2 protein chains.
Amino acid sequence: MTAEKLILDGNRVAEEIKDRLKERIARLSDQGIVPCLATILVGDDPSSETYVRMKGNACKRLGMESIRIDLPESISTEELVAEIDKLNADPGVHGILLQHPVPSHIDERAAFEAIHIDKDLDGVTTLGFARNAFGFADYPSCTPAAILAILDYYRIPIEGKHAVVIGRSPILGKPVSLMLLNRNATVTTCHSRTVQLEEAVRLGDIVVAAVGKPKFVRGDWIKPGAVVIDAGYNTGNVGDVDYDECLQHASAITPVPAGVGPVTIATLLKHTVDAAEKRA
Amino acid sequence: MTAEKLILDGNRVAEEIKDRLKERIARLSDQGIVPCLATILVGDDPSSETYVRMKGNACKRLGMESIRIDLPESISTEELVAEIDKLNADPGVHGILLQHPVPSHIDERAAFEAIHIDKDLDGVTTLGFARNAFGFADYPSCTPAAILAILDYYRIPIEGKHAVVIGRSPILGKPVSLMLLNRNATVTTCHSRTVQLEEAVRLGDIVVAAVGKPKFVRGDWIKPGAVVIDAGYNTGNVGDVDYDECLQHASAITPVPAGVGPVTIATLLKHTVDAAEKRA
């Protein structure tokens with residue numbers, strides 16, 4: 001007989017976040033303001049298309065506006081930046097989300113930097129990243145913030161715990177490492193060049209997988225009783241964690257789908273409402 | 001009989017960095033340009049006074065200019081920012097260093113942010129920090145850069161090693177963690193709330209102490225053969241590491257003084273020359 005496992009239900013966390021937004025959206029509506037998120041999709045990658053559509057639908061369901069800008073694969077960095085500048089200048093747009101990844105001929109960093117800090121709801125600009133790293137961001141990166149929201153919702157302690165993050169991307173691995181550090185976890189950040197990765201992951205009371213490889217994290221890498229957060233999302237609705245295996249060792253785990261994903265979207269909506277209120 | 005210990009001689013590393021600057025300073029001089037570092041000291045803390053004087057002397061010895069601005073303890077944040085703005089506007093000033101710490105009534109973050117990114121030679125602004133975190137800073141924080149310079153000078157491999165950083169300040173612990181991560185180390189960041197600190201430090205192939213507590217790191221915390229970098233400097237010329245104890249376990253170690261300190265200053269001089277060349 002095994003101990004009871006806690007399945008960290010992202011839909012539940014997301015619903016709570018969205019429920020709290022309803023009244024705020026209604027108050028804004030009374031002032032004639034509709035929170036508006038603009039998403040930019042370059043090219044026609046089918047998963048990116050799905051994400052953008054999900055974000056748009058989520059806005060609509062809450063009575064928020066979403067603007068979707070579809071740009072051809074062939075667009076140049078300069079043209080993309082010009083599109084972003086139009087959205088920066090539009091007072092009706094409260095947040096700008098450039099769907100990652102962009103085609104490889106585009107300078108993604110330059111495009112991210114073009115987003116005005118007041119509309120950078122996902123911490124993609126250097127300034128947004130650093131404010132987050134120092135603990136005073138208005139809009140921390142959505143997926144890292146979602147991970148903390150899940151831990152907090154389920155009252156999983158962070159302070160003094162050893163958190164192991166697998167991944168070091170500017171939008172996920174690095175910011176979530178810094179946010180966990182700011183919440184007083186001891187943080188180990190691993191990546192593709194980590195030697196003895198299994199041993200490193202086994203240190204974690206909290207393990208965050210942000211690798212981008214399906215079922216990458218195996219069950220016997222997990223310290224018995226650890227909390228496993230799967231921030232991956234790969235083709236075929238599969239996370240970065242081998243769920244069935246890790247479930248055997250973990251005390252709590254996020255599933256994929258219905259784990260981090262919906263909370264990320266809810267966090268993005270929350271940031272859009274925050275931004276709309278700031279300019280109300 | 002114990003294995004031979006490598007004492008990482010910061011003076012040697014610093015001399016090499018400064019030697020390489022001489023020709024560059026001479027070339028600038030031919031164009032009528034003297035690299036100039038402005039340091040600001042608020043109040044009359046004696047150790048801060050010493051640091052500022054050392055930086056000024058180091059500039060002078062290389063034929064560089066240094067401007068020293070002494071401000072009274074009672075100055076307000078606004079007045080300090082106004083002083084920084086004057087230096088931002090001065091085309092003869094290539095870098096601005098605000099000596100940390102400032103008196104507690106001053107908003108240090110606001111003061112740091114006032115430094116123009118082109119003159120932020122120590123990565124103290126949010127923008128400088130983030131560029132460093134993403135690996136494309138012109139001027140990474142000097143002490144973290146000095147630590148990497150020492151490791152590189154002595155050809156100590158970083159990639160694939162487990163680095164443990166004790167400390168998470170915005171100017172030292174966090175940037176050095178990110179720089180080691182960008183150099184493909186697996187990085188664990190510890191701090192005052194870390195539980196079982198000794199065990200965490202014992203993971204480190206490379207241990208960086210940036211705690212600000214004299215002789216804080218004890219010998220038996222060090223994995224046999226690890227490389228110990230002492231970035232601390234406390235009253236009485238004492239580092240954050242118990243040198244005699246740690247020497248027994250380490251394969252290589254920086255002393256205090258003559259370890260990280262002189263390399264930090266040499267790095268600051270190098271950044272000043274870099275900045276002067278950029279505007280030549």
# chains A, B, ... in the order shown; residues from 1 in each chain; ligands from 1
$ residues_around --residues "region 211-219 of chain A" --least-positions-apart "3" --cutoff "9 Å" --atoms "only C-alpha atoms" --output "list in words"
Ile166, Gly167, Arg168, Ser169, Gly173, His191, Ser192, Glu198, Val201, Ile222, Lys223, Ala231, Gly232, Tyr233, Asn234, Thr235, Val238, Gly239, Asp240, Val241, Asp242, Tyr243, Asp244, Glu245, Cys246, Leu247, Gln248, His249 and Ala250 of chain A
$ interface_residues --of "chain A" --to "chain B" --cutoff "10 Å" --atoms "only C-alpha atoms" --output "number ranges by chain"
A: 125-134, 159-164, 166, 168-170, 174, 177-178, 181-197, 200, 203
$ closest_residue --among "B:Asn57, B:Ser29, B:Ser66, B:Asn237" --to "Val93 (chain B)" --atoms "only C-alpha atoms"
B:Ser66
$ closest_residue --among "B:Leu80, B:Arg279, B:Ala58, B:Ser141" --to "Ala14 (chain B)" --atoms "only C-alpha atoms"
B:Ala58
$ residues_around --residues "Ile171 (chain B)" --least-positions-apart "4" --cutoff "8 Å" --atoms "only C-alpha atoms" --output "list in words"
Gly123, Val124, Ser141 and Pro175 of chain B
$ write_last_selection --atoms "N, CA, C and O atoms" --output "compact mmCIF listing (two decimals), in the first residue's frame"
# COMPACT_ATOMS: atom_id res chain seq x y z
N GLY B 123 27.17 46.18 -13.52
CA GLY B 123 25.92 45.41 -13.63
C GLY B 123 24.95 45.64 -12.49
O GLY B 123 24.25 44.71 -12.07
N VAL B 124 24.86 46.88 -12.00
CA VAL B 124 23.99 47.13 -10.85
C VAL B 124 22.57 47.52 -11.25
O VAL B 124 21.65 47.44 -10.44
N SER B 141 28.76 42.18 -13.78
CA SER B 141 29.17 42.60 -12.44
C SER B 141 30.63 42.22 -12.20
O SER B 141 31.05 41.11 -12.52
N PRO B 175 24.08 37.19 -9.70
CA PRO B 175 24.78 37.20 -11.01
C PRO B 175 25.83 36.12 -11.15
O PRO B 175 25.98 35.55 -12.24
$ residues_around --residues "Ser251 (chain B)" --least-positions-apart "3" --cutoff "10 Å" --atoms "only C-alpha atoms" --output "mmCIF file with N, CA, C and O atoms, in the first residue's frame"
data_model
loop_
_atom_site.group_PDB
_atom_site.id
_atom_site.type_symbol
_atom_site.label_atom_id
_atom_site.label_comp_id
_atom_site.auth_asym_id
_atom_site.auth_seq_id
_atom_site.Cartn_x
_atom_site.Cartn_y
_atom_site.Cartn_z
ATOM 1 N N ALA B 3 47.911 16.083 -0.991
ATOM 2 C CA ALA B 3 48.138 16.502 -2.383
ATOM 3 C C ALA B 3 48.518 17.978 -2.409
ATOM 4 O O ALA B 3 48.204 18.731 -1.477
ATOM 5 N N GLU B 4 49.178 18.362 -3.482
ATOM 6 C CA GLU B 4 49.589 19.763 -3.577
ATOM 7 C C GLU B 4 48.359 20.666 -3.712
ATOM 8 O O GLU B 4 47.421 20.353 -4.420
ATOM 9 N N LYS B 5 48.399 21.781 -3.013
ATOM 10 C CA LYS B 5 47.267 22.713 -3.035
ATOM 11 C C LYS B 5 47.606 23.859 -3.971
ATOM 12 O O LYS B 5 48.728 24.372 -3.966
ATOM 13 N N LEU B 6 46.621 24.282 -4.720
ATOM 14 C CA LEU B 6 46.815 25.408 -5.619
ATOM 15 C C LEU B 6 46.239 26.656 -4.946
ATOM 16 O O LEU B 6 45.036 26.716 -4.668
ATOM 17 N N ILE B 7 47.117 27.599 -4.673
ATOM 18 C CA ILE B 7 46.638 28.867 -4.123
ATOM 19 C C ILE B 7 46.375 29.791 -5.300
ATOM 20 O O ILE B 7 47.293 30.115 -6.061
ATOM 21 N N ASP B 205 31.680 21.077 -6.583
ATOM 22 C CA ASP B 205 33.024 20.956 -7.143
ATOM 23 C C ASP B 205 33.695 22.328 -7.092
ATOM 24 O O ASP B 205 34.912 22.437 -6.995
ATOM 25 N N LYS B 223 33.827 19.473 -0.109
ATOM 26 C CA LYS B 223 34.065 18.153 -0.690
ATOM 27 C C LYS B 223 35.552 18.022 -1.001
ATOM 28 O O LYS B 223 36.150 18.961 -1.548
ATOM 29 N N PRO B 224 36.170 16.903 -0.660
ATOM 30 C CA PRO B 224 37.606 16.772 -0.930
ATOM 31 C C PRO B 224 37.927 17.064 -2.394
ATOM 32 O O PRO B 224 37.294 16.506 -3.285
ATOM 33 N N GLY B 225 38.859 17.960 -2.607
ATOM 34 C CA GLY B 225 39.268 18.287 -3.969
ATOM 35 C C GLY B 225 38.514 19.434 -4.611
ATOM 36 O O GLY B 225 38.802 19.811 -5.746
ATOM 37 N N ALA B 226 37.556 19.998 -3.900
ATOM 38 C CA ALA B 226 36.772 21.096 -4.477
ATOM 39 C C ALA B 226 37.624 22.362 -4.611
ATOM 40 O O ALA B 226 38.670 22.503 -3.979
ATOM 41 N N VAL B 227 37.150 23.276 -5.445
ATOM 42 C CA VAL B 227 37.781 24.585 -5.645
ATOM 43 C C VAL B 227 36.977 25.603 -4.828
ATOM 44 O O VAL B 227 35.755 25.682 -4.976
ATOM 45 N N VAL B 228 37.660 26.348 -3.979
ATOM 46 C CA VAL B 228 36.963 27.264 -3.070
ATOM 47 C C VAL B 228 37.307 28.704 -3.441
ATOM 48 O O VAL B 228 38.477 29.082 -3.475
ATOM 49 N N CYS B 246 39.662 25.149 5.268
ATOM 50 C CA CYS B 246 39.230 24.765 3.912
ATOM 51 C C CYS B 246 40.410 24.337 3.051
ATOM 52 O O CYS B 246 40.274 23.471 2.180
ATOM 53 N N LEU B 247 41.551 24.940 3.296
ATOM 54 C CA LEU B 247 42.777 24.561 2.573
ATOM 55 C C LEU B 247 43.049 23.060 2.703
ATOM 56 O O LEU B 247 43.564 22.424 1.778
ATOM 57 N N GLN B 248 42.694 22.494 3.840
ATOM 58 C CA GLN B 248 42.940 21.058 4.073
ATOM 59 C C GLN B 248 42.135 20.189 3.114
ATOM 60 O O GLN B 248 42.564 19.103 2.747
#
$ residues_around --residues "region 268-270 of chain A" --least-positions-apart "4" --cutoff "7 Å" --atoms "only C-alpha atoms" --output "PyMOL selection string"
chain A and resi 21+59+121+142+264+274
$ select_by_dssp --residues "region 57-89 of chain B" --states "strand (DSSP E)" --output "ChimeraX atom specification"
/B:65-71
$ write_last_selection --atoms "N, CA and C atoms" --output "short mmCIF file (atom, residue, chain, number, x, y, z; two decimals), in the first residue's frame"
data_model
loop_
_atom_site.label_atom_id
_atom_site.label_comp_id
_atom_site.auth_asym_id
_atom_site.auth_seq_id
_atom_site.Cartn_x
_atom_site.Cartn_y
_atom_site.Cartn_z
N GLU B 65 42.03 58.16 -15.39
CA GLU B 65 41.53 59.21 -14.52
C GLU B 65 40.49 58.64 -13.56
N SER B 66 40.45 59.18 -12.37
CA SER B 66 39.33 58.83 -11.51
C SER B 66 38.79 60.10 -10.87
N ILE B 67 37.49 60.16 -10.82
CA ILE B 67 36.83 61.28 -10.17
C ILE B 67 36.18 60.72 -8.92
N ARG B 68 36.38 61.39 -7.82
CA ARG B 68 35.78 60.88 -6.60
C ARG B 68 34.79 61.90 -6.08
N ILE B 69 33.55 61.47 -5.90
CA ILE B 69 32.51 62.35 -5.40
C ILE B 69 32.17 61.89 -3.98
N ASP B 70 32.48 62.75 -3.01
CA ASP B 70 32.13 62.42 -1.62
C ASP B 70 30.87 63.17 -1.25
N LEU B 71 29.88 62.44 -0.79
CA LEU B 71 28.61 63.07 -0.45
C LEU B 71 28.30 62.80 1.02
#
$ residues_around --residues "His271 (chain A)" --least-positions-apart "6" --cutoff "10 Å" --atoms "only C-alpha atoms" --output "mmCIF file with N, CA and C atoms, in the first residue's frame"
data_model
loop_
_atom_site.group_PDB
_atom_site.id
_atom_site.type_symbol
_atom_site.label_atom_id
_atom_site.label_comp_id
_atom_site.auth_asym_id
_atom_site.auth_seq_id
_atom_site.Cartn_x
_atom_site.Cartn_y
_atom_site.Cartn_z
ATOM 1 N N PRO A 35 -10.399 44.921 -20.545
ATOM 2 C CA PRO A 35 -8.995 44.468 -20.601
ATOM 3 C C PRO A 35 -8.728 43.763 -21.922
ATOM 4 N N LEU A 37 -5.867 41.839 -24.451
ATOM 5 C CA LEU A 37 -4.580 41.189 -24.694
ATOM 6 C C LEU A 37 -4.371 41.017 -26.191
ATOM 7 N N HIS A 94 -3.734 46.330 -23.537
ATOM 8 C CA HIS A 94 -3.118 46.340 -22.198
ATOM 9 C C HIS A 94 -1.928 45.408 -22.072
ATOM 10 N N GLY A 95 -1.855 44.429 -22.936
ATOM 11 C CA GLY A 95 -0.718 43.503 -22.882
ATOM 12 C C GLY A 95 -0.416 42.957 -24.258
ATOM 13 N N LYS A 119 3.536 46.750 -21.021
ATOM 14 C CA LYS A 119 2.692 45.760 -21.711
ATOM 15 C C LYS A 119 3.351 44.379 -21.763
ATOM 16 N N ASP A 120 4.491 44.258 -21.096
ATOM 17 C CA ASP A 120 5.210 42.977 -21.057
ATOM 18 C C ASP A 120 4.654 42.150 -19.907
ATOM 19 N N LEU A 121 3.564 41.434 -20.165
ATOM 20 C CA LEU A 121 2.855 40.717 -19.101
ATOM 21 C C LEU A 121 3.472 39.353 -18.821
ATOM 22 N N ASP A 122 4.530 38.997 -19.541
ATOM 23 C CA ASP A 122 5.107 37.656 -19.410
ATOM 24 C C ASP A 122 6.605 37.700 -19.069
ATOM 25 N N ASP A 138 6.045 43.756 -11.702
ATOM 26 C CA ASP A 138 4.584 43.841 -11.767
ATOM 27 C C ASP A 138 4.027 42.569 -12.399
ATOM 28 N N TYR A 139 4.735 42.066 -13.403
ATOM 29 C CA TYR A 139 4.235 40.915 -14.147
ATOM 30 C C TYR A 139 5.328 39.867 -14.295
ATOM 31 N N PRO A 140 5.509 39.023 -13.297
ATOM 32 C CA PRO A 140 6.494 37.945 -13.453
ATOM 33 C C PRO A 140 6.075 37.009 -14.590
ATOM 34 N N SER A 141 7.029 36.346 -15.178
ATOM 35 C CA SER A 141 6.739 35.415 -16.274
ATOM 36 C C SER A 141 5.594 34.491 -15.876
ATOM 37 N N CYS A 142 4.687 34.265 -16.800
ATOM 38 C CA CYS A 142 3.429 33.590 -16.452
ATOM 39 C C CYS A 142 3.612 32.135 -16.019
ATOM 40 N N ILE A 265 -2.285 30.234 -18.388
ATOM 41 C CA ILE A 265 -3.252 31.077 -19.109
ATOM 42 C C ILE A 265 -4.009 31.981 -18.123
ATOM 43 N N GLU A 277 -6.267 47.782 -15.023
ATOM 44 C CA GLU A 277 -6.568 48.579 -13.821
ATOM 45 C C GLU A 277 -5.540 49.684 -13.633
#
